[in-house]
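Structure file data.txt (compact mmCIF, C-alpha atoms) follows.
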# COMPACT_ATOMS: atom_id res chain seq x y z
CA MET A 1 107.33 218.14 155.63
CA SER A 2 105.22 221.13 156.35
CA LYS A 3 102.33 220.77 158.69
CA PHE A 4 100.26 223.44 157.03
CA LYS A 5 99.83 223.05 153.38
CA LYS A 6 99.86 226.41 151.78
CA LYS A 7 96.64 227.07 149.98
CA LYS A 8 96.96 227.52 146.31
CA SER A 9 96.25 231.11 145.60
CA GLY A 10 95.21 232.51 142.27
CA ASP A 11 92.77 230.35 140.26
CA LEU A 12 89.19 230.43 141.51
CA PRO A 13 87.36 227.18 142.02
CA ALA A 14 84.80 226.49 139.27
CA ILE A 15 81.19 227.14 140.24
CA SER A 16 79.22 223.97 140.30
CA THR A 17 76.52 223.88 137.68
CA ALA A 18 74.96 220.74 139.04
CA SER A 19 71.88 222.63 140.25
CA LEU A 20 71.31 224.35 136.92
CA PRO A 21 68.95 221.65 135.63
CA ASP A 22 66.91 221.98 138.82
CA ILE A 23 66.48 225.70 138.31
CA VAL A 24 65.59 225.28 134.68
CA PHE A 25 63.10 222.56 135.48
CA MET A 26 61.50 224.79 138.05
CA LEU A 27 60.97 227.50 135.43
CA LEU A 28 59.83 224.91 132.94
CA PHE A 29 57.14 223.59 135.27
CA PHE A 30 55.95 227.10 136.00
CA PHE A 31 55.42 227.84 132.32
CA MET A 32 53.88 224.46 131.65
CA VAL A 33 51.32 225.05 134.37
CA ALA A 34 50.64 228.67 133.48
CA THR A 35 50.22 228.05 129.77
CA VAL A 36 46.73 228.12 128.36
CA MET A 37 46.61 226.79 124.86
CA ARG A 38 44.55 229.00 122.61
CA ASP A 39 42.08 227.01 120.64
CA SER A 40 41.92 229.48 117.82
CA THR A 41 44.50 231.71 116.26
CA LEU A 42 43.65 235.35 116.34
CA MET A 43 43.12 236.89 112.95
CA VAL A 44 42.00 240.28 114.20
CA SER A 45 43.89 242.84 116.22
CA ASN A 46 42.66 242.50 119.75
CA THR A 47 43.65 245.24 122.15
CA LEU A 48 41.01 244.93 124.81
CA PRO A 49 39.74 248.07 126.53
CA ALA A 50 40.44 248.58 130.22
CA ALA A 51 37.93 248.42 133.06
CA ASP A 52 38.20 247.96 136.80
CA GLN A 53 34.72 246.79 137.85
CA ILE A 54 35.28 243.36 136.42
CA GLN A 55 34.17 239.90 137.35
CA LYS A 56 35.95 236.71 136.62
CA LEU A 57 34.62 234.55 133.85
CA ASP A 58 33.06 231.20 134.46
CA LYS A 59 34.87 227.94 133.78
CA LYS A 60 36.30 227.63 130.33
CA ASP A 61 33.89 224.97 129.10
CA ARG A 62 30.95 227.31 129.68
CA ILE A 63 32.21 230.10 127.49
CA MET A 64 31.75 230.81 123.83
CA TYR A 65 34.15 233.32 122.36
CA ILE A 66 33.41 235.90 119.72
CA TYR A 67 36.29 238.03 118.53
CA ALA A 68 35.97 241.27 116.64
CA GLY A 69 38.32 243.94 115.43
CA LYS A 70 40.31 245.07 112.45
CA PRO A 71 41.96 242.22 110.52
CA SER A 72 45.57 241.85 111.57
CA SER A 73 48.25 243.13 109.21
CA ARG A 74 48.80 239.91 107.30
CA TYR A 75 45.11 239.64 106.40
CA GLU A 76 44.77 243.29 105.49
CA ASP A 77 45.25 242.88 101.73
CA LYS A 78 42.61 240.21 101.56
CA TYR A 79 40.00 241.47 104.00
CA GLY A 80 40.59 245.22 104.19
CA THR A 81 40.76 247.36 107.27
CA GLN A 82 37.10 247.38 108.26
CA ALA A 83 36.43 245.74 111.62
CA ARG A 84 35.24 242.17 111.27
CA ILE A 85 34.00 239.29 113.37
CA GLN A 86 36.04 236.17 113.91
CA LEU A 87 34.36 232.93 114.87
CA ASN A 88 36.61 229.98 115.58
CA ASP A 89 39.28 230.18 112.91
CA LYS A 90 37.64 232.22 110.21
CA PHE A 91 36.14 235.57 109.49
CA ALA A 92 32.38 235.72 109.59
CA THR A 93 29.55 238.09 108.87
CA VAL A 94 27.03 239.27 111.43
CA GLU A 95 24.38 236.86 110.11
CA GLU A 96 26.58 233.86 110.88
CA VAL A 97 26.78 234.66 114.61
CA GLY A 98 23.43 233.11 115.38
CA ALA A 99 24.23 229.84 113.65
CA PHE A 100 27.61 229.74 115.36
CA ILE A 101 26.06 230.15 118.80
CA LEU A 102 23.50 227.42 118.12
CA ALA A 103 26.21 225.05 116.88
CA GLU A 104 28.43 225.78 119.90
CA ARG A 105 25.52 225.30 122.25
CA ALA A 106 24.60 221.97 120.68
CA ALA A 107 28.18 220.77 121.06
CA LYS A 108 28.19 221.34 124.83
CA ARG A 109 26.96 218.90 127.41
CA GLN A 110 23.26 218.96 128.14
CA GLU A 111 23.57 220.33 131.67
CA LEU A 112 25.77 223.20 130.54
CA GLN A 113 23.56 224.35 127.72
CA ASN A 114 21.58 226.74 129.88
CA VAL A 115 24.48 228.33 131.70
CA LEU A 116 26.63 229.34 128.75
CA THR A 117 28.15 232.79 128.59
CA THR A 118 29.23 234.54 125.42
CA ALA A 119 32.51 236.36 125.85
CA LEU A 120 32.89 239.29 123.50
CA LYS A 121 36.54 239.95 122.89
CA VAL A 122 36.30 243.15 120.94
CA ASP A 123 39.12 245.47 120.02
CA GLY A 124 38.90 248.87 121.68
CA GLU A 125 38.94 250.76 118.39
CA THR A 126 35.87 249.00 117.02
CA LYS A 127 32.74 251.03 116.44
CA MET A 128 29.68 250.22 118.53
CA GLY A 129 27.63 249.55 115.41
CA LEU A 130 29.26 246.17 114.94
CA VAL A 131 28.95 245.32 118.64
CA SER A 132 25.27 246.25 118.61
CA ASP A 133 24.71 244.04 115.58
CA ILE A 134 26.35 241.12 117.40
CA LYS A 135 24.19 241.79 120.45
CA GLN A 136 21.05 241.79 118.32
CA GLU A 137 22.04 238.44 116.82
CA LEU A 138 22.67 237.03 120.29
CA ARG A 139 19.24 238.18 121.42
CA LYS A 140 17.68 236.42 118.45
CA VAL A 141 19.13 233.06 119.50
CA ASN A 142 18.44 233.75 123.17
CA ALA A 143 22.08 233.79 124.24
CA LEU A 144 21.51 236.52 126.77
CA LYS A 145 24.41 236.14 129.15
CA ILE A 146 27.31 238.09 127.78
CA ASN A 147 30.63 239.29 129.05
CA TYR A 148 32.58 242.19 127.65
CA THR A 149 36.06 240.87 128.15
CA THR A 150 38.40 243.61 129.29
CA ARG A 151 41.78 243.88 130.82
CA LEU A 152 42.23 245.25 134.30
CA GLY A 153 43.01 248.95 134.37
CA ALA A 154 41.55 252.37 135.02
CA TYR A 155 38.88 253.52 132.57
CA SER A 156 40.94 256.61 131.81
CA GLN A 157 43.30 254.42 129.78
CA ASN A 158 40.53 254.16 127.22
CA MET A 159 40.48 257.89 126.59
CA LYS A 160 43.89 258.07 124.97
CA MET B 1 83.00 186.22 135.91
CA PRO B 2 81.39 189.00 138.00
CA ARG B 3 78.93 191.25 136.28
CA ARG B 4 80.15 194.65 135.46
CA ALA B 5 78.34 197.58 137.06
CA ALA B 6 76.27 199.55 134.59
CA PRO B 7 78.12 202.67 133.51
CA GLU B 8 76.65 205.88 134.84
CA VAL B 9 74.65 207.87 132.31
CA ASN B 10 76.03 211.29 131.75
CA ALA B 11 73.47 213.83 132.89
CA GLY B 12 75.36 216.83 131.63
CA SER B 13 72.98 217.46 128.75
CA MET B 14 69.87 217.36 130.87
CA ALA B 15 70.05 221.11 131.34
CA ASP B 16 70.11 221.58 127.58
CA ILE B 17 67.01 219.48 127.09
CA ALA B 18 65.20 221.31 129.86
CA PHE B 19 66.21 224.64 128.34
CA LEU B 20 64.84 223.57 125.00
CA LEU B 21 61.48 222.72 126.53
CA LEU B 22 61.50 225.87 128.60
CA ILE B 23 62.05 228.05 125.56
CA PHE B 24 59.26 226.27 123.72
CA PHE B 25 56.80 227.00 126.50
CA LEU B 26 58.05 230.55 126.88
CA VAL B 27 57.34 231.23 123.24
CA THR B 28 53.94 229.57 123.08
CA THR B 29 52.56 230.98 126.32
CA THR B 30 49.82 233.56 125.97
CA ILE B 31 48.29 234.64 129.22
CA GLU B 32 44.59 234.77 128.41
CA THR B 33 42.42 237.46 129.90
CA ASP B 34 39.44 235.85 131.48
CA SER B 35 37.61 238.66 133.19
CA GLY B 36 35.27 241.39 132.13
CA ILE B 37 31.97 243.13 132.68
CA ASN B 38 29.05 240.73 132.83
CA ARG B 39 25.81 241.86 131.29
CA LYS B 40 22.47 240.35 130.56
CA LEU B 41 20.73 241.18 127.30
CA PRO B 42 16.99 241.73 127.29
CA PRO B 43 14.94 238.97 125.67
CA MET B 44 13.71 239.54 122.15
CA GLU B 45 9.97 239.66 122.72
CA GLU B 46 8.70 243.14 123.40
CA LEU B 47 6.24 243.80 126.18
CA GLU B 48 2.70 244.43 125.02
CA ASP B 49 2.14 247.51 127.11
CA PRO B 50 5.32 248.76 128.69
CA PRO B 51 4.92 250.06 132.25
CA VAL B 52 4.69 253.78 132.67
CA ILE B 53 7.87 255.18 134.13
CA ARG B 54 8.12 258.68 135.47
CA GLU B 55 10.63 260.83 133.69
CA ARG B 56 12.43 261.69 136.92
CA ASN B 57 13.12 258.03 137.56
CA ILE B 58 15.15 257.71 134.40
CA PHE B 59 18.78 258.74 134.23
CA THR B 60 19.67 259.14 130.60
CA VAL B 61 23.20 258.74 129.38
CA LEU B 62 23.89 259.40 125.74
CA ILE B 63 27.16 258.88 123.94
CA ASN B 64 27.45 260.51 120.57
CA LYS B 65 29.64 259.55 117.64
CA ASN B 66 32.44 261.83 118.83
CA ASN B 67 32.48 259.98 122.15
CA GLN B 68 30.97 262.90 124.04
CA LEU B 69 28.64 262.32 126.94
CA LEU B 70 25.23 263.81 127.49
CA VAL B 71 23.98 263.04 130.99
CA GLU B 72 20.44 264.16 131.83
CA GLU B 73 20.44 266.55 128.83
CA GLU B 74 23.67 268.17 129.90
CA LEU B 75 27.14 267.78 128.53
CA ALA B 76 29.23 265.95 131.10
CA ASP B 77 32.68 264.57 131.57
CA ILE B 78 33.23 260.88 132.21
CA LYS B 79 35.06 261.78 135.42
CA ASP B 80 31.80 263.00 136.92
CA LEU B 81 29.62 260.19 135.64
CA ARG B 82 30.09 257.94 138.65
CA SER B 83 29.18 260.61 141.19
CA LEU B 84 26.20 261.76 139.09
CA ALA B 85 24.89 258.21 138.88
CA VAL B 86 25.39 257.66 142.61
CA ALA B 87 23.56 260.89 143.40
CA PHE B 88 20.68 259.84 141.15
CA LEU B 89 20.35 256.31 142.50
CA ASP B 90 20.73 257.31 146.12
CA ASN B 91 18.39 260.30 145.90
CA GLY B 92 15.29 258.73 147.47
CA GLY B 93 12.96 261.63 146.85
CA GLY B 94 9.79 259.53 147.03
CA GLN B 95 6.95 260.14 149.45
CA ASN B 96 4.85 257.71 151.53
CA GLU B 97 5.01 254.19 150.15
CA GLU B 98 7.69 255.20 147.69
CA ALA B 99 9.96 256.58 150.38
CA CYS B 100 13.39 255.05 150.78
CA ASN B 101 14.56 254.68 154.35
CA TYR B 102 18.16 253.77 153.64
CA CYS B 103 18.99 256.39 151.02
CA GLN B 104 21.42 259.10 151.98
CA GLY B 105 20.88 261.38 149.00
CA ASP B 106 19.49 264.90 148.71
CA LYS B 107 15.82 263.88 148.42
CA ASP B 108 15.55 266.11 145.37
CA PRO B 109 11.96 265.96 144.06
CA ASP B 110 13.24 266.15 140.48
CA SER B 111 15.44 263.10 140.80
CA SER B 112 14.67 259.44 141.43
CA ASP B 113 11.97 258.37 143.94
CA ASN B 114 13.54 255.15 145.09
CA PRO B 115 16.47 252.99 144.01
CA GLN B 116 13.93 250.25 143.24
CA LYS B 117 12.44 252.46 140.56
CA ALA B 118 15.52 254.24 139.35
CA ILE B 119 16.55 253.21 135.86
CA ILE B 120 19.69 254.15 134.04
CA SER B 121 19.13 254.38 130.33
CA LEU B 122 22.17 254.16 128.12
CA LYS B 123 22.09 255.02 124.48
CA ASN B 124 24.97 255.12 122.10
CA ASP B 125 25.56 255.90 118.50
CA ARG B 126 26.72 253.35 115.92
CA GLU B 127 29.89 255.36 115.52
CA THR B 128 30.72 255.42 119.23
CA SER B 129 33.97 253.64 119.95
CA TYR B 130 33.86 250.44 121.96
CA LYS B 131 36.49 251.79 124.33
CA MET B 132 34.29 254.69 125.32
CA TYR B 133 31.28 252.44 125.71
CA ILE B 134 33.21 250.15 128.06
CA ALA B 135 34.43 253.14 130.04
CA VAL B 136 30.83 254.32 130.52
CA GLN B 137 29.61 250.84 131.41
CA ASN B 138 32.46 250.57 133.86
CA GLU B 139 31.55 253.81 135.59
CA LEU B 140 27.88 252.90 135.83
CA VAL B 141 28.71 249.50 137.31
CA ALA B 142 31.10 251.28 139.66
CA ALA B 143 28.27 253.53 140.85
CA TYR B 144 26.13 250.50 141.69
CA ASN B 145 29.05 248.77 143.36
CA GLU B 146 29.83 251.83 145.45
CA LEU B 147 26.28 251.95 146.82
CA ARG B 148 26.10 248.20 147.30
CA ASP B 149 29.40 248.25 149.16
CA ARG B 150 27.98 250.88 151.48
CA GLU B 151 24.80 248.93 152.16
CA PHE B 152 26.70 245.71 152.63
CA ALA B 153 28.95 247.36 155.21
CA LEU B 154 25.90 248.76 157.03
CA LEU B 155 24.03 245.46 157.05
CA ASN B 156 27.02 243.28 157.90
CA PRO B 157 29.37 245.37 159.99
CA MET B 158 31.26 242.29 161.14
CA ALA B 159 31.83 240.76 157.71
CA GLY B 160 35.20 242.40 157.14
CA ILE B 161 34.78 242.25 153.38
CA THR B 162 33.08 244.48 150.87
CA TYR B 163 30.15 243.58 148.66
CA VAL B 164 32.35 243.22 145.62
CA GLU B 165 34.67 240.83 147.43
CA ALA B 166 31.73 238.87 148.80
CA GLU B 167 30.24 238.50 145.35
CA LYS B 168 33.58 237.43 143.96
CA ARG B 169 33.82 234.77 146.62
CA TYR B 170 30.27 233.67 145.89
CA ASN B 171 31.05 233.24 142.20
CA ASP B 172 34.31 231.43 142.85
CA PRO B 173 33.85 227.71 142.10
CA ARG B 174 36.29 226.84 144.90
CA THR B 175 34.04 228.33 147.58
CA SER B 176 32.31 225.66 149.64
CA ALA B 177 28.55 225.17 149.40
CA GLU B 178 27.99 226.14 153.04
CA GLU B 179 29.72 229.44 152.60
CA LYS B 180 27.75 230.14 149.45
CA GLU B 181 24.56 229.45 151.34
CA ARG B 182 25.68 231.82 154.05
CA LEU B 183 26.58 234.57 151.60
CA SER B 184 23.58 234.25 149.32
CA PRO B 185 20.91 235.96 151.51
CA LYS B 186 23.29 238.78 152.41
CA LEU B 187 24.04 239.46 148.77
CA ASP B 188 20.39 239.22 147.79
CA GLU B 189 19.38 241.77 150.38
CA VAL B 190 21.90 244.27 149.12
CA LYS B 191 20.95 243.57 145.50
CA ASN B 192 17.34 244.11 146.46
CA ARG B 193 18.13 247.52 147.90
CA PHE B 194 20.00 248.64 144.82
CA PRO B 195 18.85 246.53 141.89
CA GLN B 196 20.91 247.03 138.77
CA LYS B 197 18.46 248.45 136.29
CA LEU B 198 20.46 249.41 133.29
CA SER B 199 18.55 249.60 130.09
CA GLU B 200 20.14 249.99 126.73
CA ALA B 201 18.37 251.49 123.78
CA GLU B 202 19.14 250.28 120.32
CA PRO B 203 21.59 252.66 118.72
CA ASN B 204 20.33 255.00 116.08
CA LYS B 205 21.90 255.18 112.67
CA SER B 206 24.12 258.17 112.31
CA ASN B 207 23.93 260.13 109.12
Rewrite the structure from the file as structure tokens, please.
Amino acid sequence: MSKFKKKKSGDLPAISTASLPDIVFMLLFFFMVATVMRDSTLMVSNTLPAADQIQKLDKKDRIMYIYAGKPSSRYEDKYGTQARIQLNDKFATVEEVGAFILAERAAKRQELQNVLTTALKVDGETKMGLVSDIKQELRKVNALKINYTTRLGAYSQNMK
Amino acid sequence: MPRRAAPEVNAGSMADIAFLLLIFFLVTTTIETDSGINRKLPPMEELEDPPVIRERNIFTVLINKNNQLLVEEELADIKDLRSLAVAFLDNGGGQNEEACNYCQGDKDPDSSDNPQKAIISLKNDRETSYKMYIAVQNELVAAYNELRDREFALLNPMAGITYVEAEKRYNDPRTSAEEKERLSPKLDEVKNRFPQKLSEAEPNKSN
């Protein structure tokens, strides 16, 4: 009878995978917390221009979103390649912006109705003509607080 | 007869279920951008008799349809726009009651009298690209922020933060009411020294 049992050499012990679920859950919780559900599907291409003098937007319930840009590739046959406005889930003309803002405003709580901001999410390639038209419509319905939504970056990225 | 112990549930597939959920969230996640340049549009009603503004108090920026810049009637590069705007706003060439005692500019009689009176006028063409417009807006805001940072540092040497950071903190909903109250007069004083007067003309139709 040997006092020292000779260790088995050769086969490696299996790595315990018992902590794998913990790791996966950790990642899962991160993504669950970080996820913001979009409330409308984008139908226009939306590469935002870059700027570095930016301010954070207000809380989400005080924002009305207006998207603009060229229709994305799967809508191209139907709507062409001219830049268009998207309100909620459908394409719209400039004249419909005012009505949209009024409807959105009416749907908000009373105390928020005066502090609403309109976020313009406009594709960088869009011409200013369309943006000016939107701005004129917003002035007509007295929605004067606007935000040009941009991504963070040096302005020189816009020159390319 | 003694009760049998409940058999242990096999947790081996828990990882699979968690993976499934994880992949679902990975695919659906879109990180939304929620920051940008805030602007206020002018109200619709036009003033009956607009105030008379001296030509030297207006800093004109024009962007044409080829995205070229014309600053004060001269072709300029966007790189120089910020420093040109700072020089204009900080000029302080006014005399007597229009004098500016905190300006550090050249006091050029052909440039602005006082930051209170200095107006930046921005005009673009309908064919100007949005990217260029944002770049110009960004540089003009940067010029104001640069001057406001300077004034904020002069007025509050012990603050340890810049104007931009202070304003960010002020706008943050998590900031306590007391701190907001403390910050508010400081910010207002700086804003009063360099009010953001950025006027935008309606774009002309290009032919």
Using only C-alpha atoms, I'd like a table of the residues in chain B that come within 6 Å of chain A; for each, show the closest atom pair and its distance in Å rounded to one decimal, ordered by chain and ascending number, as a Markdown table.
| residue | atom | partner | partner_atom | distance |
| --- | --- | --- | --- | --- |
| B:Ala15 | CA | A:Pro21 | CA | 4.5 |
| B:Leu22 | CA | A:Leu28 | CA | 4.7 |
| B:Thr29 | CA | A:Thr35 | CA | 5.1 |
| B:Asp34 | CA | A:Leu57 | CA | 5.5 |
| B:Ser35 | CA | A:Lys56 | CA | 4.3 |
| B:Gly36 | CA | A:Thr149 | CA | 4.1 |
| B:Ile37 | CA | A:Ile54 | CA | 5.0 |
| B:Asn38 | CA | A:Asn147 | CA | 4.3 |
| B:Arg39 | CA | A:Ile146 | CA | 5.4 |
| B:Lys40 | CA | A:Lys145 | CA | 4.8 |
| B:Leu41 | CA | A:Leu144 | CA | 4.8 |
| B:Met44 | CA | A:Arg139 | CA | 5.7 |
| B:Arg126 | CA | A:Gly129 | CA | 3.9 |
| B:Glu127 | CA | A:Lys127 | CA | 5.3 |
| B:Thr128 | CA | A:Met128 | CA | 5.3 |
| B:Ser129 | CA | A:Lys127 | CA | 4.5 |
| B:Tyr130 | CA | A:Gly124 | CA | 5.3 |
| B:Lys131 | CA | A:Gly124 | CA | 4.6 |
| B:Ala135 | CA | A:Tyr155 | CA | 5.1 |
| B:Asn138 | CA | A:Ala51 | CA | 5.9 |
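Compared by their closest atoms to A:Ser72, and using only C-alpha atoms, the residues A:Ser45, A:Glu95, A:Asn88, A:Ile134 rank with A:Ser45 nearest.
For B:Asn91, the non-local neighbours within 9 Å, defined as residues at least 2 positions apart in the same chain or in other chains and counting only C-alpha atoms, are Val86, Ala87, Phe88, Leu89, Gly93, Gly94, Cys100, Cys103, Gln104, Gly105, Asp106, Lys107, Asp108, Pro109, Ser111, Ser112, Asp113, Asn114 and Pro115 of chain B.
In this model, the gap between atom CA of B:Glu139 and atom CA of B:Lys65 comes to 18.9 Å.
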For A:Arg62, find every residue with an atom within 7 Å (counting all atoms listed in the file), except residues of its own chain fewer than 5 positions away, and show them as a PDB file with C-alpha atoms, keeping the file's coordinate frame.
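part.pdb, written as the output of this step:
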ATOM      1  CA  LEU A 112      25.770 223.200 130.540  1.00  0.00           C
ATOM      2  CA  VAL A 115      24.480 228.330 131.700  1.00  0.00           C
ATOM      3  CA  LEU A 116      26.630 229.340 128.750  1.00  0.00           C
ATOM      4  CA  THR A 117      28.150 232.790 128.590  1.00  0.00           C
TER       5      THR A 117
END
(Q) I need the residue nearest B:Ala153 from this list: B:Asp49, B:Arg174, B:Ala11, B:Lys186. Use all atoms listed in the file for the distance. (A) B:Lys186
Q. Separation of atom CA of A:Phe91 and atom CA of A:Asp77, in Å?
A. 14.0 Å
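Using all atoms listed in the file, the protein and nucleic acid residues lying at most 9 Å from the point (38.4, 249.1, 109.9) are A:Gly69, A:Lys70, A:Pro71, A:Gly80, A:Thr81, A:Gln82, A:Ala83, A:Arg84, A:Glu125, A:Thr126, A:Lys127.
If you measure from each of B:Leu21, B:Ile53, B:Leu183, B:Ile63 to B:Asn156 using only C-alpha atoms, the closest one turns out to be B:Leu183.
Separating atom CA of B:Leu69 from atom CA of B:Tyr133 is a distance of 10.3 Å.
Candidate residues B:Gly92, B:Pro185, B:Pro173, B:Pro157 were compared for distance to B:Asp110, and the nearest is B:Gly92, using all atoms listed in the file.
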Please give the centre and size of the box around stretch 49-56 of chain A (axis-aligned, containing every atom listed in the file, 3 Å added per side), with values in Å to one decimal and written as AutoDock Vina command-line options.
--center_x 37.3 --center_y 242.6 --center_z 132.2 --size_x 12.3 --size_y 17.9 --size_z 17.3
Can you sort out stretch 144-167 of chain B so it carries N, CA and C atoms, written as a compact mmCIF listing (two decimals), in the frame of the given file?
# COMPACT_ATOMS: atom_id res chain seq x y z
N TYR B 144 26.92 251.51 140.98
CA TYR B 144 26.13 250.50 141.69
C TYR B 144 26.97 249.82 142.76
N ASN B 145 28.20 249.47 142.41
CA ASN B 145 29.05 248.77 143.36
C ASN B 145 29.36 249.63 144.58
N GLU B 146 29.52 250.93 144.33
CA GLU B 146 29.83 251.83 145.45
C GLU B 146 28.68 251.82 146.46
N LEU B 147 27.44 251.93 145.93
CA LEU B 147 26.28 251.95 146.82
C LEU B 147 26.07 250.60 147.49
N ARG B 148 26.29 249.54 146.73
CA ARG B 148 26.10 248.20 147.30
C ARG B 148 27.14 247.92 148.37
N ASP B 149 28.36 248.39 148.14
CA ASP B 149 29.40 248.25 149.16
C ASP B 149 28.97 248.92 150.46
N ARG B 150 28.40 250.11 150.31
CA ARG B 150 27.98 250.88 151.48
C ARG B 150 26.90 250.12 152.25
N GLU B 151 25.90 249.65 151.50
CA GLU B 151 24.80 248.93 152.16
C GLU B 151 25.29 247.65 152.79
N PHE B 152 26.18 246.98 152.10
CA PHE B 152 26.70 245.71 152.63
C PHE B 152 27.43 245.95 153.94
N ALA B 153 28.20 247.03 153.99
CA ALA B 153 28.95 247.36 155.21
C ALA B 153 27.98 247.72 156.34
N LEU B 154 26.87 248.39 156.00
CA LEU B 154 25.90 248.76 157.03
C LEU B 154 25.16 247.54 157.57
N LEU B 155 24.82 246.63 156.65
CA LEU B 155 24.03 245.46 157.05
C LEU B 155 24.89 244.42 157.76
N ASN B 156 26.14 244.29 157.32
CA ASN B 156 27.02 243.28 157.90
C ASN B 156 28.29 243.95 158.42
N PRO B 157 28.18 244.65 159.54
CA PRO B 157 29.37 245.37 159.99
C PRO B 157 30.51 244.46 160.39
N MET B 158 30.21 243.18 160.68
CA MET B 158 31.26 242.29 161.14
C MET B 158 31.88 241.47 160.01
N ALA B 159 31.39 241.65 158.79
CA ALA B 159 31.83 240.76 157.71
C ALA B 159 33.31 240.93 157.38
N GLY B 160 33.79 242.16 157.43
CA GLY B 160 35.20 242.40 157.14
C GLY B 160 35.54 242.37 155.67
N ILE B 161 34.53 242.18 154.82
CA ILE B 161 34.78 242.25 153.38
C ILE B 161 33.75 243.17 152.75
N THR B 162 34.03 243.62 151.55
CA THR B 162 33.08 244.48 150.87
C THR B 162 32.12 243.63 150.03
N TYR B 163 31.12 244.29 149.50
CA TYR B 163 30.15 243.58 148.66
C TYR B 163 30.82 242.94 147.46
N VAL B 164 31.70 243.71 146.83
CA VAL B 164 32.35 243.22 145.62
C VAL B 164 33.16 241.96 145.92
N GLU B 165 33.87 242.00 147.05
CA GLU B 165 34.67 240.83 147.43
C GLU B 165 33.77 239.64 147.76
N ALA B 166 32.65 239.95 148.43
CA ALA B 166 31.73 238.87 148.80
C ALA B 166 31.15 238.22 147.56
N GLU B 167 30.82 239.04 146.57
CA GLU B 167 30.24 238.50 145.35
C GLU B 167 31.26 237.67 144.58
